[in-house]
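Source file: final07.txt (compact mmCIF, C-alpha atoms)
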```
# COMPACT_ATOMS: atom_id res chain seq x y z
CA MET W 1 281.83 161.16 275.39
CA VAL W 2 280.92 162.16 278.93
CA LEU W 3 284.05 162.21 281.05
CA ASN W 4 282.94 163.54 284.43
CA VAL W 5 279.89 163.77 286.64
CA LEU W 6 279.02 167.14 288.15
CA LEU W 7 277.11 166.87 291.42
CA HIS W 8 274.90 169.87 292.09
CA PHE W 9 274.31 170.04 295.85
CA HIS W 10 271.81 172.76 296.64
CA ASN W 11 272.84 173.91 300.11
CA ILE W 12 269.33 175.01 301.04
CA HIS W 13 267.58 171.95 302.43
CA ASN W 14 264.15 172.64 300.97
CA PHE W 15 263.42 172.68 297.28
CA HIS W 16 262.47 175.92 295.52
CA ALA W 17 261.98 175.57 291.79
CA GLN W 18 263.16 179.03 290.77
CA GLN W 19 266.43 178.67 292.67
CA VAL W 20 267.42 175.16 291.62
CA ASP W 21 266.24 175.36 288.01
CA LEU W 22 267.72 178.81 287.44
CA LEU W 23 271.13 177.71 288.68
CA LEU W 24 271.14 174.64 286.45
CA ILE W 25 270.16 176.73 283.44
CA ILE W 26 272.99 179.19 284.19
CA TYR W 27 275.51 176.37 284.61
CA GLY W 28 274.41 174.85 281.31
CA GLU W 29 274.81 178.15 279.46
CA ILE W 30 278.31 178.65 280.88
CA LEU W 31 279.37 175.18 279.78
CA LYS W 32 277.94 175.77 276.29
CA GLN W 33 279.88 179.04 276.00
CA LYS W 34 283.07 177.14 276.75
CA ASN W 35 282.15 174.20 274.48
CA LEU W 36 282.15 171.90 277.50
CA GLU W 37 278.49 170.87 277.49
CA ASN W 38 279.34 167.32 276.40
CA GLU W 39 282.21 166.86 278.83
CA PHE W 40 280.04 166.53 281.93
CA SER W 41 276.88 164.82 283.10
CA TRP W 42 274.75 166.03 286.00
CA SER W 43 273.54 164.51 289.23
CA ILE W 44 271.45 166.64 291.61
CA ILE W 45 270.83 166.65 295.35
CA ASP W 46 267.70 168.77 295.14
CA ARG W 47 266.28 168.55 298.69
CA TRP W 48 266.97 167.21 302.16
CA PRO W 49 264.41 168.80 304.53
CA SER W 50 264.31 166.01 307.12
CA HIS W 51 267.70 164.36 306.94
CA PRO W 52 268.29 163.02 310.49
CA LYS W 53 271.74 164.53 310.94
CA PHE W 54 270.57 167.88 309.60
CA ILE W 55 267.66 167.81 312.06
CA ASP W 56 270.11 166.98 314.86
CA ALA W 57 272.31 169.94 313.88
CA VAL W 58 269.41 172.41 313.92
CA SER W 59 268.15 170.97 317.20
CA LYS W 60 271.56 171.55 318.75
CA THR W 61 271.54 175.24 317.78
CA ILE W 62 268.18 175.62 319.52
CA ASN W 63 269.32 173.91 322.72
CA ASP W 64 272.49 176.01 322.72
CA ALA W 65 270.47 179.21 322.32
CA LEU W 66 267.97 178.34 325.04
CA VAL W 67 270.79 178.52 327.57
CA ASN W 68 270.79 182.31 327.12
CA PHE W 69 267.35 182.67 328.67
CA SER W 70 266.82 183.08 332.41
CA ASP W 71 265.98 180.02 334.45
CA GLU W 72 262.55 181.50 335.22
CA THR W 73 261.53 181.91 331.58
CA ARG W 74 263.42 179.19 329.68
CA ASP W 75 260.57 176.69 329.68
CA ASP W 76 258.11 179.33 328.45
CA VAL W 77 260.13 180.59 325.49
CA ILE W 78 258.21 180.83 322.21
CA ILE W 79 260.25 179.51 319.27
CA LEU W 80 259.71 181.32 315.98
CA PHE W 81 261.09 179.48 312.96
CA SER W 82 261.69 182.29 310.48
CA ALA W 83 262.07 181.42 306.79
CA HIS W 84 262.43 183.44 303.62
CA SER W 85 258.97 184.20 302.28
CA LEU W 86 257.65 183.54 298.78
CA PRO W 87 255.13 185.42 296.65
CA LEU W 88 251.75 183.75 296.90
CA LYS W 89 251.55 183.47 293.12
CA THR W 90 254.54 181.11 293.31
CA VAL W 91 252.97 179.11 296.12
CA PHE W 92 249.67 178.83 294.27
CA LYS W 93 251.44 177.29 291.29
CA GLY W 94 252.39 174.36 293.49
CA ASP W 95 255.98 175.17 294.48
CA GLN W 96 257.03 172.66 297.15
CA TYR W 97 259.17 175.04 299.23
CA THR W 98 256.47 175.93 301.78
CA ALA W 99 255.56 172.34 302.60
CA GLU W 100 259.19 171.29 302.92
CA VAL W 101 260.07 174.16 305.26
CA ALA W 102 257.11 173.17 307.41
CA ALA W 103 258.29 169.54 307.35
CA THR W 104 261.71 170.62 308.64
CA VAL W 105 260.10 172.58 311.48
CA PHE W 106 257.98 169.60 312.48
CA HIS W 107 260.92 167.18 312.47
CA VAL W 108 263.04 169.56 314.55
CA MET W 109 260.32 170.00 317.15
CA LYS W 110 259.69 166.26 317.20
CA ASN W 111 263.41 165.78 317.80
CA LEU W 112 263.09 168.20 320.73
CA ASN W 113 260.08 166.28 322.07
CA PHE W 114 257.92 169.34 321.37
CA SER W 115 259.50 171.01 324.38
CA HIS W 116 258.21 174.52 323.57
CA LYS W 117 255.40 176.31 321.83
CA TYR W 118 256.46 177.19 318.30
CA MET W 119 255.40 178.81 315.06
CA LEU W 120 256.58 179.09 311.46
CA THR W 121 256.82 182.69 310.24
CA TRP W 122 258.12 184.38 307.09
CA GLN W 123 260.53 187.23 306.40
CA SER W 124 262.30 189.20 303.65
CA GLN W 125 259.25 189.90 301.51
CA VAL W 126 259.59 192.84 299.11
CA GLY W 127 257.26 194.79 296.85
CA ARG W 128 253.50 195.17 296.97
CA ILE W 129 252.32 191.78 295.78
CA PRO W 130 250.97 189.31 298.40
CA TRP W 131 253.59 187.08 300.08
CA LEU W 132 253.40 184.24 302.57
CA GLU W 133 252.27 185.20 306.06
CA PRO W 134 252.44 185.60 309.00
CA GLN W 135 255.39 187.96 308.77
CA THR W 136 257.99 187.52 311.48
CA ASP W 137 258.10 191.18 312.52
CA LYS W 138 254.31 191.36 312.78
CA VAL W 139 254.23 188.26 314.97
CA LEU W 140 256.86 189.80 317.24
CA GLU W 141 254.71 192.89 317.63
CA ASP W 142 251.75 190.76 318.67
CA LEU W 143 253.77 188.53 320.97
CA GLY W 144 255.09 191.59 322.78
CA LYS W 145 251.63 192.14 324.23
CA SER W 146 251.75 188.93 326.24
CA GLN W 147 255.03 187.10 325.73
CA ALA W 148 258.33 188.08 327.33
CA SER W 149 260.75 185.57 325.78
CA VAL W 150 261.24 184.66 322.11
CA LEU W 151 263.84 182.59 320.27
CA ILE W 152 264.22 183.10 316.52
CA VAL W 153 265.47 180.13 314.49
CA PRO W 154 266.61 180.98 310.91
CA ILE W 155 265.24 177.71 309.63
CA ALA W 156 265.66 178.29 305.89
CA PHE W 157 269.13 179.86 306.14
CA THR W 158 272.01 177.43 306.53
CA THR W 159 274.63 180.19 306.79
CA ASP W 160 274.79 183.72 308.14
CA HIS W 161 274.19 186.61 305.75
CA ILE W 162 272.22 189.87 305.62
CA GLU W 163 268.90 188.20 306.45
CA THR W 164 270.26 186.84 309.73
CA LEU W 165 272.91 189.37 310.74
CA SER W 166 270.89 192.44 309.78
CA GLU W 167 267.21 191.58 309.43
CA ILE W 168 266.91 189.20 312.40
CA ASP W 169 269.68 190.46 314.67
CA ILE W 170 269.12 194.20 314.21
CA GLU W 171 265.75 194.99 312.62
CA PHE W 172 263.68 192.31 314.34
CA LYS W 173 265.51 192.90 317.63
CA ALA W 174 264.39 196.53 317.49
CA VAL W 175 260.81 195.41 316.84
CA ALA W 176 260.99 192.99 319.78
CA ASP W 177 262.36 195.65 322.14
CA LYS W 178 259.73 198.18 321.11
CA SER W 179 256.95 195.61 321.46
CA GLY W 180 257.86 194.69 325.03
CA ILE W 181 259.66 191.39 324.56
CA LYS W 182 262.19 191.23 327.40
CA GLU W 183 264.37 188.35 326.19
CA TYR W 184 265.08 188.02 322.47
CA TYR W 185 267.73 185.68 321.09
CA ARG W 186 268.55 184.00 317.79
CA ALA W 187 269.77 180.46 317.30
CA LYS W 188 273.02 180.42 315.35
CA ALA W 189 273.02 179.54 311.68
CA LEU W 190 274.70 176.21 310.97
CA ASN W 191 277.66 177.76 309.11
CA ASP W 192 280.66 175.47 309.67
CA ASP W 193 279.32 173.68 312.74
CA PRO W 194 280.93 170.20 312.84
CA LEU W 195 277.56 168.47 313.16
CA ALA W 196 276.27 170.37 310.13
CA ILE W 197 279.35 169.43 308.10
CA GLU W 198 278.85 165.81 309.11
CA ALA W 199 275.24 166.04 307.91
CA LEU W 200 276.30 167.44 304.52
CA ALA W 201 278.87 164.68 304.10
CA SER W 202 276.25 162.07 304.97
CA ILE W 203 273.77 163.50 302.46
CA ILE W 204 276.37 163.40 299.67
CA HIS W 205 277.45 159.88 300.65
CA ASP W 206 273.86 158.63 300.65
CA HIS W 207 273.17 160.24 297.27
CA ILE W 208 276.20 158.74 295.56
CA LYS W 209 275.60 155.32 297.08
CA SER W 210 271.96 155.30 295.94
CA ASN W 211 272.94 155.88 292.29
CA GLN W 212 270.22 158.49 292.00
CA ARG W 213 270.24 161.11 289.28
CA HIS W 214 267.86 163.18 291.42
CA SER W 215 264.88 162.60 293.67
CA LEU W 216 261.64 161.30 292.23
CA GLN W 217 259.92 164.50 293.31
CA TYR W 218 262.32 166.64 291.28
CA SER W 219 260.75 165.42 288.04
CA PHE W 220 257.30 166.63 289.12
CA ASN W 221 256.72 170.12 287.67
CA CYS W 222 254.24 172.51 289.21
CA PRO W 223 250.96 171.63 287.46
CA SER W 224 250.52 175.16 286.10
CA CYS W 225 254.16 175.60 285.08
CA GLU W 226 254.62 177.41 281.76
CA ASN W 227 258.43 177.48 281.71
CA PRO W 228 259.75 174.90 279.20
CA LEU W 229 263.18 175.01 280.85
CA CYS W 230 262.01 173.86 284.28
CA ARG W 231 263.54 170.50 285.29
CA THR W 232 265.78 170.59 282.23
CA ILE W 233 269.03 168.78 282.98
CA LEU W 234 271.87 169.08 280.50
CA ASN W 235 273.32 165.58 280.07
CA PRO W 236 271.70 163.78 283.02
CA ALA W 237 274.02 161.34 284.74
CA GLU W 238 273.37 157.64 284.52
CA GLY W 239 271.21 156.37 287.32
CA THR W 240 267.59 156.41 288.28
CA SER W 241 265.25 159.02 289.73
CA VAL W 242 263.76 157.02 292.55
CA LYS W 243 262.43 157.60 296.00
CA PRO W 244 265.25 158.25 298.51
CA LEU W 245 266.29 155.37 300.72
CA GLU W 246 265.40 157.50 303.75
CA PRO W 247 262.37 159.79 304.22
CA TYR W 248 264.27 162.91 303.24
```
If you took the structure in this file and wrote it as structure tokens, what would it be?
Amino acid sequence: MVLNVLLHFHNIHNFHAQQVDLLLIIYGEILKQKNLENEFSWSIIDRWPSHPKFIDAVSKTINDALVNFSDETRDDVIILFSAHSLPLKTVFKGDQYTAEVAATVFHVMKNLNFSHKYMLTWQSQVGRIPWLEPQTDKVLEDLGKSQASVLIVPIAFTTDHIETLSEIDIEFKAVADKSGIKEYYRAKALNDDPLAIEALASIIHDHIKSNQRHSLQYSFNCPSCENPLCRTILNPAEGTSVKPLEPY
């Protein structure tokens, strides 16, 4: 008999199959090892790329960061939304991560009334296989030829870690300085910002109230997927997989 419902809340707002599915598989194996696989059922918050309160929270970090620029250049700042890249072979399979990151960027800029020129760029690629482009550091090099002021927004990172504190703050800052960019700042990650916490609470509240097991989109595998464990939920919770009540 199922006694409890486990709610898996993926704290990255855009869906990436390898991350979400891998975690669920690991959780299931741990429960099996402890003979607890029948004690819990699962409900999943698998994506929230355009939740209004989340968009408000990101927009606030941008407005707060723009204050750092000089009065003369603030209106001309280029905003680079930098997200963790993916190998193109993953993208070509149909992974939805890229589209959902782009959707977040669009909703944020719409919320800001498209106040600045902006671009979505990609970082943290490793190895020799092709990854998503343009790469953030390469864009900074090119912008340095004509653009003096750049704001980096870590759009796919909800908290600070090595890819913000080291890659963006140190490595990319060095690239910007060398390339001739005079003003280079980063918008803060959401971390424990009160507005971000309010957004997370709202997402959880909406999910529980909707009686959803997961989003409708979660049940749609990449068309060329060959992994039989993808979208495998150990003891799915009661409820329906339906379209969210809001467009997120």
Polymer residues at most 12 Å from (251.4, 183.4, 323.2) by only C-alpha atoms, as a VMD selection string: chain W and resid 76 to 80 116 to 119 139 to 150 181
Would you mind exporting the chosen residues as a tab-separated table (two decimals), keeping the file's coordinate frame, restricted to C-alpha atoms?
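Okay, result_29.tsv is ready:
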```
chain	number	residue	atom	x	y	z
W	76	ASP	CA	258.11	179.33	328.45
W	77	VAL	CA	260.13	180.59	325.49
W	78	ILE	CA	258.21	180.83	322.21
W	79	ILE	CA	260.25	179.51	319.27
W	80	LEU	CA	259.71	181.32	315.98
W	116	HIS	CA	258.21	174.52	323.57
W	117	LYS	CA	255.40	176.31	321.83
W	118	TYR	CA	256.46	177.19	318.30
W	119	MET	CA	255.40	178.81	315.06
W	139	VAL	CA	254.23	188.26	314.97
W	140	LEU	CA	256.86	189.80	317.24
W	141	GLU	CA	254.71	192.89	317.63
W	142	ASP	CA	251.75	190.76	318.67
W	143	LEU	CA	253.77	188.53	320.97
W	144	GLY	CA	255.09	191.59	322.78
W	145	LYS	CA	251.63	192.14	324.23
W	146	SER	CA	251.75	188.93	326.24
W	147	GLN	CA	255.03	187.10	325.73
W	148	ALA	CA	258.33	188.08	327.33
W	149	SER	CA	260.75	185.57	325.78
W	150	VAL	CA	261.24	184.66	322.11
W	181	ILE	CA	259.66	191.39	324.56
```
Please, which residues in region 42-86 of chain W fall within 9 Å of region 202-206 of chain W when counting only C-alpha atoms, and what is the closest atom pair and distance in Å to one decimal for each, ordered by chain then residue number, as a tab-separated table?
```
residue	atom	partner	partner_atom	distance
W:Ile45	CA	W:Ile204	CA	7.7
W:Trp48	CA	W:Ile203	CA	7.8
W:His51	CA	W:Ile203	CA	7.6
W:Lys53	CA	W:Ser202	CA	7.9
W:Phe54	CA	W:Ile203	CA	9.0
```
Would you export the selected residues with C-alpha atoms as a CSV table (one decimal), in the coordinates of the input, please?
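And here's selection.csv as it stands now:
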```
chain,number,residue,atom,x,y,z
W,45,ILE,CA,270.8,166.6,295.4
W,48,TRP,CA,267.0,167.2,302.2
W,51,HIS,CA,267.7,164.4,306.9
W,53,LYS,CA,271.7,164.5,310.9
W,54,PHE,CA,270.6,167.9,309.6
```
Non-local contacts of Ile12 (chain W) (12 Å; only C-alpha atoms; under 2 positions in same chain excluded) as an MDAnalysis selection string: chainID W and resid 8:10 14:17 19:20 45:50 54 83:84 97 100:101 104 154:159 190:191 200
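Across W:Leu120, W:Ile26, W:Ala237, W:Ala103, the tightest approach to Asn4 (chain W) is made by W:Ala237 when counting all atoms listed in the file.
If only C-alpha atoms are the atoms counted, then among W:Glu238, W:Leu229, W:Ala102, W:Leu132 the closest residue to Ile208 (chain W) is W:Glu238.
The spacing separating CA of Leu112 (chain W) from CA of Asp75 (chain W) amounts to 12.6 Å.
The closest residue to Glu167 (chain W), picked from W:Thr136, W:Lys34, W:Glu183, W:Gly127 and counting only C-alpha atoms, is W:Thr136.
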Find the nearest atom pair between each residue of region 203-236 of chain W and region 85-94 of chain W for residues within 10 Å, count only C-alpha atoms, give distances in Å to one decimal, sort rows by chain and ascending number, and present the table as JSON lines.
```
{"residue": "W:Asn221", "atom": "CA", "partner": "W:Gly94", "partner_atom": "CA", "distance": 8.4}
{"residue": "W:Cys222", "atom": "CA", "partner": "W:Gly94", "partner_atom": "CA", "distance": 5.0}
{"residue": "W:Pro223", "atom": "CA", "partner": "W:Gly94", "partner_atom": "CA", "distance": 6.8}
{"residue": "W:Ser224", "atom": "CA", "partner": "W:Lys93", "partner_atom": "CA", "distance": 5.7}
{"residue": "W:Cys225", "atom": "CA", "partner": "W:Lys93", "partner_atom": "CA", "distance": 7.0}
```
Interatomic distance, CA of Ser82 (chain W) to CA of His214 (chain W) (Å, one decimal): 27.7 Å
Neighbour list for Asp64 (chain W) as a ChimeraX atom specification, cut-off 12 Å, all atoms listed in the file, skip fewer than 2 positions in-chain: /W:57-62,66-69,74,151,153,185-190
Nearest to Asn63 (chain W) by atom-to-atom distance, counting all atoms listed in the file, from W:Ala196, W:Ile44, W:Leu24, W:Val108: W:Val108
Counting all atoms listed in the file, the residue of W:Leu195, W:Gly239, W:Lys138, W:Asn35 that sits nearest Lys209 (chain W): W:Gly239
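What separates CA of Asn235 (chain W) from CA of Phe40 (chain W) is a distance of 7.0 Å.
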Of the listed residues W:Lys173, W:Gly28, W:Pro236, W:Arg231, that which approaches Gln212 (chain W) most closely, counting all atoms listed in the file: W:Pro236
Step by step: locate region 101-192 of chain W in the block above, keep C-alpha atoms, then write the file as a PDB file, in the first residue's frame.
```pdb
ATOM      1  CA  VAL W 101      15.617  28.280 -22.167  1.00  0.00           C
ATOM      2  CA  ALA W 102      14.803  30.493 -25.142  1.00  0.00           C
ATOM      3  CA  ALA W 103      11.203  30.789 -23.920  1.00  0.00           C
ATOM      4  CA  THR W 104      12.442  31.997 -20.524  1.00  0.00           C
ATOM      5  CA  VAL W 105      14.647  34.622 -22.180  1.00  0.00           C
ATOM      6  CA  PHE W 106      11.753  35.886 -24.285  1.00  0.00           C
ATOM      7  CA  HIS W 107       9.383  36.143 -21.320  1.00  0.00           C
ATOM      8  CA  VAL W 108      11.970  37.996 -19.246  1.00  0.00           C
ATOM      9  CA  MET W 109      12.631  40.519 -21.994  1.00  0.00           C
ATOM     10  CA  LYS W 110       8.907  40.928 -22.584  1.00  0.00           C
ATOM     11  CA  ASN W 111       8.532  41.604 -18.871  1.00  0.00           C
ATOM     12  CA  LEU W 112      11.221  44.281 -19.236  1.00  0.00           C
ATOM     13  CA  ASN W 113       9.404  45.773 -22.240  1.00  0.00           C
ATOM     14  CA  PHE W 114      12.363  44.758 -24.427  1.00  0.00           C
ATOM     15  CA  SER W 115      14.333  47.611 -22.893  1.00  0.00           C
ATOM     16  CA  HIS W 116      17.732  46.454 -24.202  1.00  0.00           C
ATOM     17  CA  LYS W 117      19.316  44.519 -27.014  1.00  0.00           C
ATOM     18  CA  TYR W 118      19.862  40.930 -25.931  1.00  0.00           C
ATOM     19  CA  MET W 119      21.143  37.537 -26.978  1.00  0.00           C
ATOM     20  CA  LEU W 120      21.091  33.938 -25.761  1.00  0.00           C
ATOM     21  CA  THR W 121      24.558  32.382 -25.543  1.00  0.00           C
ATOM     22  CA  TRP W 122      25.948  29.092 -24.238  1.00  0.00           C
ATOM     23  CA  GLN W 123      28.738  28.147 -21.847  1.00  0.00           C
ATOM     24  CA  SER W 124      30.450  25.232 -20.070  1.00  0.00           C
ATOM     25  CA  GLN W 125      30.904  23.009 -23.101  1.00  0.00           C
ATOM     26  CA  VAL W 126      33.605  20.336 -22.767  1.00  0.00           C
ATOM     27  CA  GLY W 127      35.298  17.875 -25.095  1.00  0.00           C
ATOM     28  CA  ARG W 128      35.655  17.932 -28.864  1.00  0.00           C
ATOM     29  CA  ILE W 129      32.144  17.061 -30.001  1.00  0.00           C
ATOM     30  CA  PRO W 130      29.935  19.900 -31.343  1.00  0.00           C
ATOM     31  CA  TRP W 131      27.904  21.815 -28.726  1.00  0.00           C
ATOM     32  CA  LEU W 132      25.312  24.567 -28.909  1.00  0.00           C
ATOM     33  CA  GLU W 133      26.598  27.932 -30.083  1.00  0.00           C
ATOM     34  CA  PRO W 134      27.287  30.825 -29.945  1.00  0.00           C
ATOM     35  CA  GLN W 135      29.640  30.391 -27.016  1.00  0.00           C
ATOM     36  CA  THR W 136      29.489  33.150 -24.432  1.00  0.00           C
ATOM     37  CA  ASP W 137      33.233  33.834 -24.373  1.00  0.00           C
ATOM     38  CA  LYS W 138      33.407  34.043 -28.162  1.00  0.00           C
ATOM     39  CA  VAL W 139      30.531  36.521 -28.238  1.00  0.00           C
ATOM     40  CA  LEU W 140      32.308  38.650 -25.642  1.00  0.00           C
ATOM     41  CA  GLU W 141      35.403  38.720 -27.830  1.00  0.00           C
ATOM     42  CA  ASP W 142      33.352  39.942 -30.778  1.00  0.00           C
ATOM     43  CA  LEU W 143      31.373  42.467 -28.753  1.00  0.00           C
ATOM     44  CA  GLY W 144      34.611  43.976 -27.481  1.00  0.00           C
ATOM     45  CA  LYS W 145      35.268  45.339 -30.960  1.00  0.00           C
ATOM     46  CA  SER W 146      32.267  47.650 -30.830  1.00  0.00           C
ATOM     47  CA  GLN W 147      30.427  47.351 -27.529  1.00  0.00           C
ATOM     48  CA  ALA W 148      31.592  48.880 -24.251  1.00  0.00           C
ATOM     49  CA  SER W 149      28.973  47.598 -21.796  1.00  0.00           C
ATOM     50  CA  VAL W 150      27.717  44.038 -21.258  1.00  0.00           C
ATOM     51  CA  LEU W 151      25.502  42.428 -18.626  1.00  0.00           C
ATOM     52  CA  ILE W 152      25.648  38.651 -18.213  1.00  0.00           C
ATOM     53  CA  VAL W 153      22.510  36.927 -16.917  1.00  0.00           C
ATOM     54  CA  PRO W 154      23.020  33.296 -15.750  1.00  0.00           C
ATOM     55  CA  ILE W 155      19.628  32.328 -17.072  1.00  0.00           C
ATOM     56  CA  ALA W 156      19.845  28.549 -16.620  1.00  0.00           C
ATOM     57  CA  PHE W 157      21.469  28.674 -13.177  1.00  0.00           C
ATOM     58  CA  THR W 158      19.115  29.328 -10.272  1.00  0.00           C
ATOM     59  CA  THR W 159      21.921  29.336  -7.680  1.00  0.00           C
ATOM     60  CA  ASP W 160      25.567  30.344  -7.569  1.00  0.00           C
ATOM     61  CA  HIS W 161      28.206  27.680  -8.174  1.00  0.00           C
ATOM     62  CA  ILE W 162      31.414  27.216 -10.176  1.00  0.00           C
ATOM     63  CA  GLU W 163      29.793  28.175 -13.481  1.00  0.00           C
ATOM     64  CA  THR W 164      28.771  31.583 -12.143  1.00  0.00           C
ATOM     65  CA  LEU W 165      31.417  32.359  -9.525  1.00  0.00           C
ATOM     66  CA  SER W 166      34.363  31.095 -11.564  1.00  0.00           C
ATOM     67  CA  GLU W 167      33.435  30.799 -15.238  1.00  0.00           C
ATOM     68  CA  ILE W 168      31.346  33.979 -15.544  1.00  0.00           C
ATOM     69  CA  ASP W 169      32.857  36.145 -12.807  1.00  0.00           C
ATOM     70  CA  ILE W 170      36.526  35.316 -13.400  1.00  0.00           C
ATOM     71  CA  GLU W 171      37.118  33.627 -16.764  1.00  0.00           C
ATOM     72  CA  PHE W 172      34.598  35.585 -18.824  1.00  0.00           C
ATOM     73  CA  LYS W 173      35.525  38.814 -17.031  1.00  0.00           C
ATOM     74  CA  ALA W 174      39.114  38.313 -18.176  1.00  0.00           C
ATOM     75  CA  VAL W 175      37.900  37.747 -21.741  1.00  0.00           C
ATOM     76  CA  ALA W 176      35.775  40.904 -21.568  1.00  0.00           C
ATOM     77  CA  ASP W 177      38.666  43.005 -20.246  1.00  0.00           C
ATOM     78  CA  LYS W 178      41.061  41.712 -22.889  1.00  0.00           C
ATOM     79  CA  SER W 179      38.499  42.285 -25.645  1.00  0.00           C
ATOM     80  CA  GLY W 180      37.948  45.935 -24.765  1.00  0.00           C
ATOM     81  CA  ILE W 181      34.633  45.813 -22.928  1.00  0.00           C
ATOM     82  CA  LYS W 182      34.776  48.667 -20.422  1.00  0.00           C
ATOM     83  CA  GLU W 183      31.816  47.766 -18.203  1.00  0.00           C
ATOM     84  CA  TYR W 184      31.129  44.105 -17.458  1.00  0.00           C
ATOM     85  CA  TYR W 185      28.700  42.976 -14.767  1.00  0.00           C
ATOM     86  CA  ARG W 186      26.718  39.860 -13.907  1.00  0.00           C
ATOM     87  CA  ALA W 187      23.154  39.732 -12.642  1.00  0.00           C
ATOM     88  CA  LYS W 188      22.964  37.826  -9.379  1.00  0.00           C
ATOM     89  CA  ALA W 189      21.728  34.258  -9.335  1.00  0.00           C
ATOM     90  CA  LEU W 190      18.368  33.891  -7.612  1.00  0.00           C
ATOM     91  CA  ASN W 191      19.759  31.911  -4.650  1.00  0.00           C
ATOM     92  CA  ASP W 192      17.560  32.712  -1.635  1.00  0.00           C
TER      93      ASP W 192
END
```
